[in-house]
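Chemist: Quick one, protein-v2.tsv (TSV, C-alpha atoms):
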```tsv
chain	number	residue	atom	x	y	z
A	1113	MET	CA	0.00	0.00	0.00
A	1114	VAL	CA	1.58	3.19	-1.13
A	1115	LYS	CA	0.10	6.62	-1.30
A	1116	ALA	CA	1.82	9.41	-3.14
A	1117	TYR	CA	1.01	13.09	-3.19
A	1118	LYS	CA	2.34	15.90	-5.31
A	1119	GLN	CA	2.13	19.60	-4.61
A	1120	GLU	CA	3.53	22.65	-6.30
A	1121	HIS	CA	3.88	26.18	-5.06
A	1122	VAL	CA	5.33	29.33	-6.59
A	1123	TYR	CA	7.15	31.77	-4.33
A	1124	LYS	CA	7.38	35.31	-5.67
A	1125	HIS	CA	10.89	35.54	-4.32
A	1126	PRO	CA	14.24	34.72	-5.92
A	1127	TRP	CA	15.74	31.27	-5.45
A	1128	GLU	CA	18.58	32.66	-3.33
A	1129	ARG	CA	16.11	33.95	-0.74
A	1130	VAL	CA	13.79	30.94	-0.79
A	1131	SER	CA	16.58	28.42	-0.36
A	1132	ALA	CA	18.02	30.50	2.51
A	1133	ALA	CA	14.55	30.55	4.09
A	1134	SER	CA	14.38	26.77	3.82
A	1135	TRP	CA	17.46	26.48	6.04
A	1136	ARG	CA	15.87	28.76	8.61
A	1137	LYS	CA	12.45	27.14	8.52
A	1138	PHE	CA	12.76	25.00	11.65
A	1139	ALA	CA	15.37	26.96	13.56
A	1140	ASP	CA	13.71	30.34	13.80
A	1141	PRO	CA	12.29	30.73	17.34
A	1142	GLU	CA	9.17	32.54	16.15
A	1143	ASN	CA	8.32	29.73	13.78
A	1144	LYS	CA	8.79	27.09	16.42
A	1145	ARG	CA	5.39	28.01	17.74
A	1146	ILE	CA	3.71	27.26	14.42
A	1147	LEU	CA	5.82	24.25	13.48
A	1148	SER	CA	5.61	22.94	17.02
A	1149	HIS	CA	5.71	19.35	15.82
A	1150	ILE	CA	9.41	19.85	15.09
A	1151	LEU	CA	11.21	19.44	18.40
A	1152	GLU	CA	14.87	19.36	17.43
A	1153	VAL	CA	16.94	19.89	14.31
A	1154	ASP	CA	20.58	18.89	14.39
A	1155	THR	CA	23.13	19.07	11.61
A	1156	LEU	CA	25.07	15.81	11.54
A	1157	ASN	CA	27.17	16.20	8.48
A	1158	ARG	CA	28.13	18.82	5.93
A	1159	LYS	CA	30.28	18.74	2.88
A	1160	LEU	CA	31.10	21.59	0.55
A	1161	ASP	CA	32.69	20.94	-2.80
A	1162	THR	CA	34.66	24.15	-3.18
A	1163	GLU	CA	35.19	23.53	-6.92
A	1164	THR	CA	31.71	22.67	-8.11
A	1165	GLY	CA	29.72	24.68	-5.57
A	1166	LYS	CA	27.76	21.68	-4.33
A	1167	LEU	CA	26.75	21.61	-0.70
A	1168	HIS	CA	25.66	18.34	0.94
A	1169	THR	CA	24.08	18.45	4.37
A	1170	THR	CA	22.54	15.82	6.60
A	1171	ARG	CA	20.24	16.85	9.40
A	1172	ALA	CA	18.34	14.86	12.00
A	1173	LEU	CA	14.80	16.00	12.79
A	1174	THR	CA	12.99	14.99	15.95
A	1175	ILE	CA	9.26	15.24	15.35
A	1176	HIS	CA	6.34	15.01	17.73
A	1177	ALA	CA	3.78	12.90	15.93
A	1178	PRO	CA	0.96	11.66	18.09
A	1179	GLY	CA	-0.84	8.94	16.15
A	1180	PRO	CA	-4.10	7.11	16.73
A	1181	TRP	CA	-4.39	5.47	20.13
A	1182	PHE	CA	-3.82	1.91	18.90
A	1183	LEU	CA	-0.61	2.92	17.16
A	1184	HIS	CA	0.53	4.60	20.31
A	1185	ARG	CA	-0.22	1.45	22.28
A	1186	ILE	CA	1.84	-0.67	19.92
A	1187	ILE	CA	4.75	1.67	19.57
A	1188	GLY	CA	4.74	3.24	23.00
A	1189	GLN	CA	6.08	6.58	21.85
A	1190	ASP	CA	4.99	9.58	19.89
A	1191	ILE	CA	8.40	10.91	18.95
A	1192	CYS	CA	9.72	10.19	15.52
A	1193	HIS	CA	13.24	10.66	14.19
A	1194	CYS	CA	13.79	11.59	10.57
A	1195	VAL	CA	16.82	12.12	8.38
A	1196	GLU	CA	16.87	15.03	5.98
A	1197	SER	CA	19.46	15.02	3.26
A	1198	THR	CA	19.97	18.20	1.25
A	1199	VAL	CA	21.95	18.93	-1.89
A	1200	VAL	CA	22.32	22.51	-3.02
A	1201	ASP	CA	23.87	23.15	-6.40
A	1202	GLY	CA	25.02	26.76	-6.32
A	1203	LYS	CA	25.95	26.80	-10.00
A	1204	SER	CA	22.66	25.57	-11.42
A	1205	ARG	CA	20.66	27.16	-8.57
A	1206	SER	CA	18.81	24.10	-7.34
A	1207	MET	CA	18.05	22.76	-3.91
A	1208	GLN	CA	16.80	19.23	-3.25
A	1209	LEU	CA	15.73	17.90	0.11
A	1210	THR	CA	14.82	14.31	0.89
A	1211	THR	CA	13.39	13.36	4.27
A	1212	LYS	CA	12.79	9.83	5.51
A	1213	ASN	CA	11.69	8.48	8.86
A	1214	ILE	CA	14.02	6.23	10.79
A	1215	SER	CA	11.69	5.56	13.70
A	1216	LEU	CA	8.78	3.15	13.29
A	1217	LYS	CA	10.17	1.83	10.02
A	1218	LYS	CA	8.63	-1.53	10.80
A	1219	PHE	CA	5.20	0.04	10.50
A	1220	ILE	CA	5.44	2.94	8.14
A	1221	GLU	CA	7.82	4.57	5.68
A	1222	VAL	CA	7.39	8.18	4.73
A	1223	GLU	CA	9.55	9.84	2.14
A	1224	GLU	CA	9.26	13.47	1.26
A	1225	ARG	CA	11.12	15.06	-1.63
A	1226	ILE	CA	11.21	18.80	-2.06
A	1227	ARG	CA	12.88	20.75	-4.84
A	1228	TYR	CA	13.37	24.48	-5.14
A	1229	ASP	CA	14.21	25.69	-8.63
A	1230	PRO	CA	14.11	29.08	-10.37
A	1231	HIS	CA	10.72	29.53	-12.03
A	1232	PRO	CA	11.09	28.98	-15.80
A	1233	GLU	CA	9.04	32.09	-16.64
A	1234	ASN	CA	10.81	34.40	-14.24
A	1235	PRO	CA	14.01	32.68	-13.12
A	1236	SER	CA	15.61	35.68	-11.47
A	1237	ALA	CA	12.66	36.66	-9.27
A	1238	TRP	CA	10.43	33.62	-8.70
A	1239	THR	CA	10.97	30.14	-7.32
A	1240	VAL	CA	8.97	27.00	-7.88
A	1241	CYS	CA	8.74	24.43	-5.14
A	1242	SER	CA	7.68	20.91	-6.01
A	1243	GLN	CA	6.98	18.46	-3.29
A	1244	GLU	CA	6.35	14.73	-3.47
A	1245	THR	CA	5.35	12.68	-0.49
A	1246	SER	CA	5.02	8.93	-0.48
A	1247	ILE	CA	3.66	6.97	2.44
A	1248	ARG	CA	3.94	3.22	2.70
A	1249	ILE	CA	2.29	1.26	5.48
A	1250	LYS	CA	3.70	-2.18	6.13
A	1251	PRO	CA	0.76	-4.55	6.01
A	1252	LEU	CA	1.12	-6.53	9.20
A	1253	SER	CA	-1.65	-9.10	9.06
A	1254	ALA	CA	-3.26	-8.10	12.33
A	1255	LEU	CA	-3.15	-4.45	11.42
A	1256	ALA	CA	-3.99	-4.67	7.75
A	1257	SER	CA	-7.55	-3.43	8.10
A	1258	MET	CA	-6.49	-0.48	10.22
A	1259	ALA	CA	-3.55	0.32	8.00
A	1260	GLU	CA	-5.66	2.08	5.42
A	1261	LYS	CA	-7.04	4.45	8.06
A	1262	VAL	CA	-3.61	5.16	9.46
A	1263	GLU	CA	-2.34	5.94	6.00
A	1264	GLN	CA	-5.18	8.37	5.47
A	1265	LYS	CA	-4.60	10.07	8.84
A	1266	CYS	CA	-0.92	10.27	8.20
A	1267	ALA	CA	-1.48	11.80	4.77
A	1268	GLU	CA	-3.87	14.39	6.21
A	1269	LYS	CA	-1.34	15.31	8.86
A	1270	PHE	CA	1.35	15.71	6.24
A	1271	MET	CA	-0.82	17.97	4.11
A	1272	GLN	CA	-1.68	20.14	7.12
A	1273	ASN	CA	1.95	20.44	8.09
A	1274	SER	CA	3.11	21.26	4.60
A	1275	VAL	CA	0.60	24.12	4.43
A	1276	LYS	CA	1.96	25.40	7.74
A	1277	GLY	CA	5.50	24.98	6.40
A	1278	ARG	CA	4.61	27.06	3.35
A	1279	GLU	CA	3.19	29.87	5.49
A	1280	VAL	CA	6.38	29.91	7.52
A	1281	MET	CA	8.49	29.97	4.35
A	1282	GLU	CA	6.50	32.91	2.97
A	1283	ARG	CA	6.99	34.79	6.22
A	1284	ILE	CA	10.73	34.21	6.41
A	1285	CYS	CA	11.05	35.30	2.76
A	1286	LYS	CA	9.18	38.53	3.49
A	1287	TYR	CA	11.31	39.14	6.54
A	1288	MET	CA	14.50	38.54	4.57
A	1289	GLU	CA	13.28	40.81	1.79
A	1290	ALA	CA	12.73	43.62	4.29
A	1291	GLU	CA	16.08	42.93	5.88
A	1292	SER	CA	17.93	43.11	2.56
A	1293	ALA	CA	16.16	46.37	1.66
A	1294	LEU	CA	17.65	47.97	4.77
A	1295	ILE	CA	21.24	47.27	3.76
B	480	MET	CA	13.45	12.41	24.38
B	481	GLY	CA	15.50	13.63	21.47
B	482	LEU	CA	18.61	12.25	19.94
B	483	LEU	CA	20.36	12.25	23.26
B	484	LYS	CA	21.33	9.36	25.44
B	485	LYS	CA	19.82	10.56	28.66
B	486	ASP	CA	16.07	10.59	28.90
B	487	LYS	CA	15.15	13.74	30.69
B	488	LYS	CA	11.65	14.95	31.19
B	489	THR	CA	11.46	17.79	28.77
B	490	SER	CA	8.82	20.22	27.78
B	491	ALA	CA	7.83	19.37	24.25
B	492	HIS	CA	8.34	22.91	23.05
B	493	SER	CA	11.64	23.94	24.51
B	494	SER	CA	14.98	22.49	23.73
B	495	THR	CA	17.06	21.25	26.59
B	496	SER	CA	19.73	19.73	24.44
B	497	PRO	CA	23.14	20.26	26.02
B	498	CYS	CA	24.38	21.23	22.56
B	499	ALA	CA	21.66	23.83	21.95
B	500	ASP	CA	23.92	26.88	22.39
B	501	LEU	CA	26.64	25.46	20.17
B	502	ARG	CA	24.00	24.42	17.67
B	503	ASN	CA	22.55	27.93	17.53
B	504	ALA	CA	25.99	29.44	17.14
B	505	TYR	CA	26.72	27.11	14.23
B	506	HIS	CA	23.35	27.52	12.53
B	507	ASN	CA	23.55	31.32	12.80
B	508	CYS	CA	27.00	31.29	11.26
B	509	PHE	CA	25.85	28.88	8.54
B	510	ASN	CA	22.75	30.91	7.64
B	511	LYS	CA	24.78	34.10	7.36
B	512	TRP	CA	27.40	32.38	5.20
B	513	TYR	CA	24.72	30.77	3.02
B	514	SER	CA	22.82	33.95	2.21
B	515	GLU	CA	25.74	36.36	2.09
B	516	LYS	CA	28.33	34.23	0.32
B	517	PHE	CA	27.26	30.82	-0.96
B	518	VAL	CA	24.29	31.98	-3.06
B	519	LYS	CA	26.49	34.72	-4.51
B	520	GLY	CA	28.92	32.17	-5.86
B	521	GLN	CA	31.53	32.50	-3.13
B	522	TRP	CA	31.89	28.83	-2.28
B	523	ASP	CA	35.64	28.49	-2.61
B	524	LYS	CA	36.19	28.32	1.13
B	525	GLU	CA	34.59	26.40	4.02
B	526	GLU	CA	33.43	28.73	6.73
B	527	CYS	CA	32.10	28.41	10.28
B	528	VAL	CA	34.77	25.75	10.79
B	529	ALA	CA	35.40	26.49	14.49
B	530	GLU	CA	31.66	26.64	15.25
B	531	TRP	CA	31.10	23.36	13.39
B	532	LYS	CA	33.90	21.60	15.23
B	533	LYS	CA	32.64	22.61	18.68
B	534	TYR	CA	29.06	21.68	17.83
B	535	ARG	CA	30.09	18.36	16.28
B	536	ASP	CA	32.26	17.44	19.26
B	537	CYS	CA	29.33	18.11	21.56
B	538	LEU	CA	27.00	16.00	19.42
B	539	SER	CA	29.36	13.06	19.25
B	540	GLU	CA	29.66	13.16	23.01
B	541	HIS	CA	25.93	13.23	23.60
B	542	LEU	CA	24.34	11.44	20.66
B	543	ASP	CA	22.79	8.06	21.13
B	544	GLY	CA	25.14	5.72	19.24
B	545	LYS	CA	22.49	3.25	18.05
B	546	LEU	CA	20.27	5.98	16.76
B	547	LEU	CA	23.19	7.66	15.02
B	548	THR	CA	24.05	4.39	13.28
B	549	ARG	CA	20.48	4.12	11.97
B	550	ILE	CA	20.52	7.74	10.86
B	551	LEU	CA	23.72	7.23	8.93
B	552	GLU	CA	22.35	4.07	7.31
B	553	VAL	CA	19.34	5.97	6.02
B	554	ASP	CA	21.59	8.82	4.92
B	555	ARG	CA	23.58	6.35	2.82
B	556	GLU	CA	20.35	5.02	1.30
B	557	LEU	CA	19.43	8.56	0.34
B	558	ASN	CA	22.85	9.29	-1.12
B	559	PRO	CA	24.12	6.08	-2.65
B	560	THR	CA	26.69	7.92	-4.74
B	561	LYS	CA	28.06	10.06	-1.94
B	562	GLN	CA	31.43	8.97	-0.65
B	563	ALA	CA	31.44	7.75	2.91
B	564	ASP	CA	33.01	10.10	5.39
B	565	PRO	CA	36.09	8.27	6.72
B	566	LYS	CA	35.32	9.54	10.22
B	567	GLU	CA	31.99	7.77	10.21
B	568	SER	CA	32.81	4.41	8.71
B	569	SER	CA	33.72	2.16	11.57
```
Show the structure stored in the file as structure tokens.

Modeler:
Amino acid sequence: MVKAYKQEHVYKHPWERVSAASWRKFADPENKRILSHILEVDTLNRKLDTETGKLHTTRALTIHAPGPWFLHRIIGQDICHCVESTVVDGKSRSMQLTTKNISLKKFIEVEERIRYDPHPENPSAWTVCSQETSIRIKPLSALASMAEKVEQKCAEKFMQNSVKGREVMERICKYMEAESALI
Amino acid sequence: MGLLKKDKKTSAHSSTSPCADLRNAYHNCFNKWYSEKFVKGQWDKEECVAEWKKYRDCLSEHLDGKLLTRILEVDRELNPTKQADPKESS
């Protein structure tokens, strides 16, 4: 059982600003209130290729994800750890993020891929964000009938959170725009 | 209960990570470097090296080893072409 979702969003801000906002998305104290499901973000690895301008970063996200009661009973926790791997290509102006859960992998696998690229119609001023989420529930025989519901719930939660994430991104972009106008 | 070994009772919304200050210092430095230099094509030099080292040392002291191993496994799945960091391959 796999569910996949695609979303696209156009930011009326240049790629440089949007990708910078993406790095600040979880760390900014003001946004922590809105994205309160993100508890911790730690950078575990970074690698800069000083010749090609490629930046690889690995971050660990600790997420508060209370599920349905029966899932909670089985798992006994509502904290989920995820790995986010990012590649930024400074030359071609692209940013790609892939996030996967490492907790609860026996039950569910969620993979989210986000790309930020310059908008083809207005590459210097707009940015297009495309997001793909796939959710796979492992069909344990005893849970198979419930799995469908969990999948649905999980998908709804993801959609809600990605809308919140977008609002935060828009706000950071505005803030950064104002900041750069002052210099 | 975050990535850390010790399970402390923590408020869900505030960070009590012992590395939080070092993490903030590094992330601030990184964000500044990213928007002021990297996106302008100035990527010829690694920056925030001292901040990164302090933060990383703190993490390796406090991170849960088993969890870290799993994280790195998934990271390798996500980046099959990326060369393994010699520091991490044990």

Chemist: What is the distance, in Å and to one decimal place, between atom CA of A:Ala1293 and atom CA of A:Gly1165?

Modeler: 26.6 Å

Chemist: Using all atoms listed in the file, select each residue of chain B with any atom at most 6 Å away from an atom of chain A, and give the selection as a VMD selection string.

Modeler: chain B and resid 514 518 522 to 523

Chemist: For atom CA of A:Leu1294 and atom CA of A:His1125, determine how far apart the two atoms are, in Å to one decimal place.

Modeler: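 So the two atoms, atom CA of A:Leu1294 and atom CA of A:His1125, lie 16.8 Å apart.
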
Chemist: Starting from the point (14.8, 18.7, -5.9), work out which residues of protein, DNA or RNA have an atom no more than 9 Å away when counting all atoms listed in the file; state them as a PyMOL selection string.

Modeler: chain A and resi 1198-1200+1206-1210+1225-1229+1241-1243

Chemist: To one decimal in Å, tell me the separation between atom CA of A:Ala1237 and atom CA of B:Tyr513.

Modeler: 18.2 Å

Chemist: With a distance cut-off of 8 Å and all atoms listed in the file, select the neighbouring residues of stretch 498-502 of chain B, excluding the residue or stretch itself and same-chain residues fewer than 6 positions from it, and output the selection as a ChimeraX atom specification.

Modeler: /A:1154 /B:530,533-534,537-538

Chemist: Okay, now the selection with C-alpha atoms, as a PDB file, in the coordinates of the input?

Modeler:
```pdb
ATOM      1  CA  ASP A1154      20.580  18.890  14.390  1.00  0.00           C
TER       2      ASP A1154
ATOM      3  CA  GLU B 530      31.660  26.640  15.250  1.00  0.00           C
ATOM      4  CA  LYS B 533      32.640  22.610  18.680  1.00  0.00           C
ATOM      5  CA  TYR B 534      29.060  21.680  17.830  1.00  0.00           C
ATOM      6  CA  CYS B 537      29.330  18.110  21.560  1.00  0.00           C
ATOM      7  CA  LEU B 538      27.000  16.000  19.420  1.00  0.00           C
TER       8      LEU B 538
END
```

Chemist: Using only C-alpha atoms, which of the listed residues (A:Glu1120, A:Ser1292, A:Pro1235, A:Ile1249) sits closest to A:Glu1223?

Modeler: A:Ile1249

Chemist: Compute the distance from (5.9, 25.3, 1.9) to each atom, counting all atoms listed in the file, keep the residues with any atom at most 8 Å away, and return them as a PyMOL selection string; use the coordinates of the file.

Modeler: chain A and resi 1121+1241+1274-1282

Chemist: At a cut-off of 9 Å, using all atoms listed in the file, what residues contact A:Ala1116? Leave out same-chain residues fewer than 4 positions from it and give the result as a list in words.

Modeler: Glu1244, Thr1245, Ser1246, Ile1247, Arg1248 and Ala1267 of chain A

Chemist: Missing atoms in stretch 520-534 of chain B need filling: write out N, CA, C and O atoms for it as a PDB file, in the frame of the given file.

Modeler:
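rebuild01.pdb written:
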```pdb
ATOM      1  N   GLY B 520      27.852  32.835  -5.118  1.00  0.00           N
ATOM      2  CA  GLY B 520      28.920  32.170  -5.860  1.00  0.00           C
ATOM      3  C   GLY B 520      30.241  32.092  -5.119  1.00  0.00           C
ATOM      4  O   GLY B 520      31.226  31.608  -5.657  1.00  0.00           O
ATOM      5  N   GLN B 521      30.276  32.578  -3.890  1.00  0.00           N
ATOM      6  CA  GLN B 521      31.530  32.500  -3.130  1.00  0.00           C
ATOM      7  C   GLN B 521      31.564  31.223  -2.302  1.00  0.00           C
ATOM      8  O   GLN B 521      31.302  31.244  -1.111  1.00  0.00           O
ATOM      9  N   TRP B 522      31.853  30.115  -2.993  1.00  0.00           N
ATOM     10  CA  TRP B 522      31.890  28.830  -2.280  1.00  0.00           C
ATOM     11  C   TRP B 522      33.272  28.214  -2.300  1.00  0.00           C
ATOM     12  O   TRP B 522      33.430  27.002  -2.125  1.00  0.00           O
ATOM     13  N   ASP B 523      34.285  29.033  -2.510  1.00  0.00           N
ATOM     14  CA  ASP B 523      35.640  28.490  -2.610  1.00  0.00           C
ATOM     15  C   ASP B 523      36.266  28.165  -1.252  1.00  0.00           C
ATOM     16  O   ASP B 523      37.349  27.594  -1.184  1.00  0.00           O
ATOM     17  N   LYS B 524      35.587  28.536  -0.184  1.00  0.00           N
ATOM     18  CA  LYS B 524      36.190  28.320   1.130  1.00  0.00           C
ATOM     19  C   LYS B 524      35.138  27.861   2.137  1.00  0.00           C
ATOM     20  O   LYS B 524      34.043  28.414   2.204  1.00  0.00           O
ATOM     21  N   GLU B 525      35.484  26.846   2.940  1.00  0.00           N
ATOM     22  CA  GLU B 525      34.590  26.400   4.020  1.00  0.00           C
ATOM     23  C   GLU B 525      34.605  27.450   5.115  1.00  0.00           C
ATOM     24  O   GLU B 525      35.670  27.932   5.502  1.00  0.00           O
ATOM     25  N   GLU B 526      33.455  27.769   5.619  1.00  0.00           N
ATOM     26  CA  GLU B 526      33.430  28.730   6.730  1.00  0.00           C
ATOM     27  C   GLU B 526      32.727  28.132   7.939  1.00  0.00           C
ATOM     28  O   GLU B 526      32.226  27.019   7.886  1.00  0.00           O
ATOM     29  N   CYS B 527      32.712  28.873   9.023  1.00  0.00           N
ATOM     30  CA  CYS B 527      32.100  28.410  10.280  1.00  0.00           C
ATOM     31  C   CYS B 527      32.783  27.124  10.772  1.00  0.00           C
ATOM     32  O   CYS B 527      32.146  26.269  11.396  1.00  0.00           O
ATOM     33  N   VAL B 528      34.055  26.983  10.467  1.00  0.00           N
ATOM     34  CA  VAL B 528      34.770  25.750  10.790  1.00  0.00           C
ATOM     35  C   VAL B 528      34.882  25.547  12.307  1.00  0.00           C
ATOM     36  O   VAL B 528      34.613  24.465  12.829  1.00  0.00           O
ATOM     37  N   ALA B 529      35.238  26.604  13.025  1.00  0.00           N
ATOM     38  CA  ALA B 529      35.400  26.490  14.490  1.00  0.00           C
ATOM     39  C   ALA B 529      34.057  26.169  15.152  1.00  0.00           C
ATOM     40  O   ALA B 529      33.975  25.297  16.026  1.00  0.00           O
ATOM     41  N   GLU B 530      33.005  26.871  14.699  1.00  0.00           N
ATOM     42  CA  GLU B 530      31.660  26.640  15.250  1.00  0.00           C
ATOM     43  C   GLU B 530      31.223  25.203  14.994  1.00  0.00           C
ATOM     44  O   GLU B 530      30.639  24.543  15.845  1.00  0.00           O
ATOM     45  N   TRP B 531      31.498  24.722  13.780  1.00  0.00           N
ATOM     46  CA  TRP B 531      31.100  23.360  13.390  1.00  0.00           C
ATOM     47  C   TRP B 531      31.819  22.327  14.244  1.00  0.00           C
ATOM     48  O   TRP B 531      31.236  21.373  14.722  1.00  0.00           O
ATOM     49  N   LYS B 532      33.116  22.561  14.478  1.00  0.00           N
ATOM     50  CA  LYS B 532      33.900  21.600  15.230  1.00  0.00           C
ATOM     51  C   LYS B 532      33.377  21.480  16.676  1.00  0.00           C
ATOM     52  O   LYS B 532      33.165  20.385  17.184  1.00  0.00           O
ATOM     53  N   LYS B 533      33.138  22.625  17.290  1.00  0.00           N
ATOM     54  CA  LYS B 533      32.640  22.610  18.680  1.00  0.00           C
ATOM     55  C   LYS B 533      31.291  21.909  18.781  1.00  0.00           C
ATOM     56  O   LYS B 533      31.048  21.100  19.674  1.00  0.00           O
ATOM     57  N   TYR B 534      30.406  22.241  17.843  1.00  0.00           N
ATOM     58  CA  TYR B 534      29.060  21.680  17.830  1.00  0.00           C
ATOM     59  C   TYR B 534      29.123  20.169  17.590  1.00  0.00           C
ATOM     60  O   TYR B 534      28.492  19.375  18.281  1.00  0.00           O
TER      61      TYR B 534
END
```
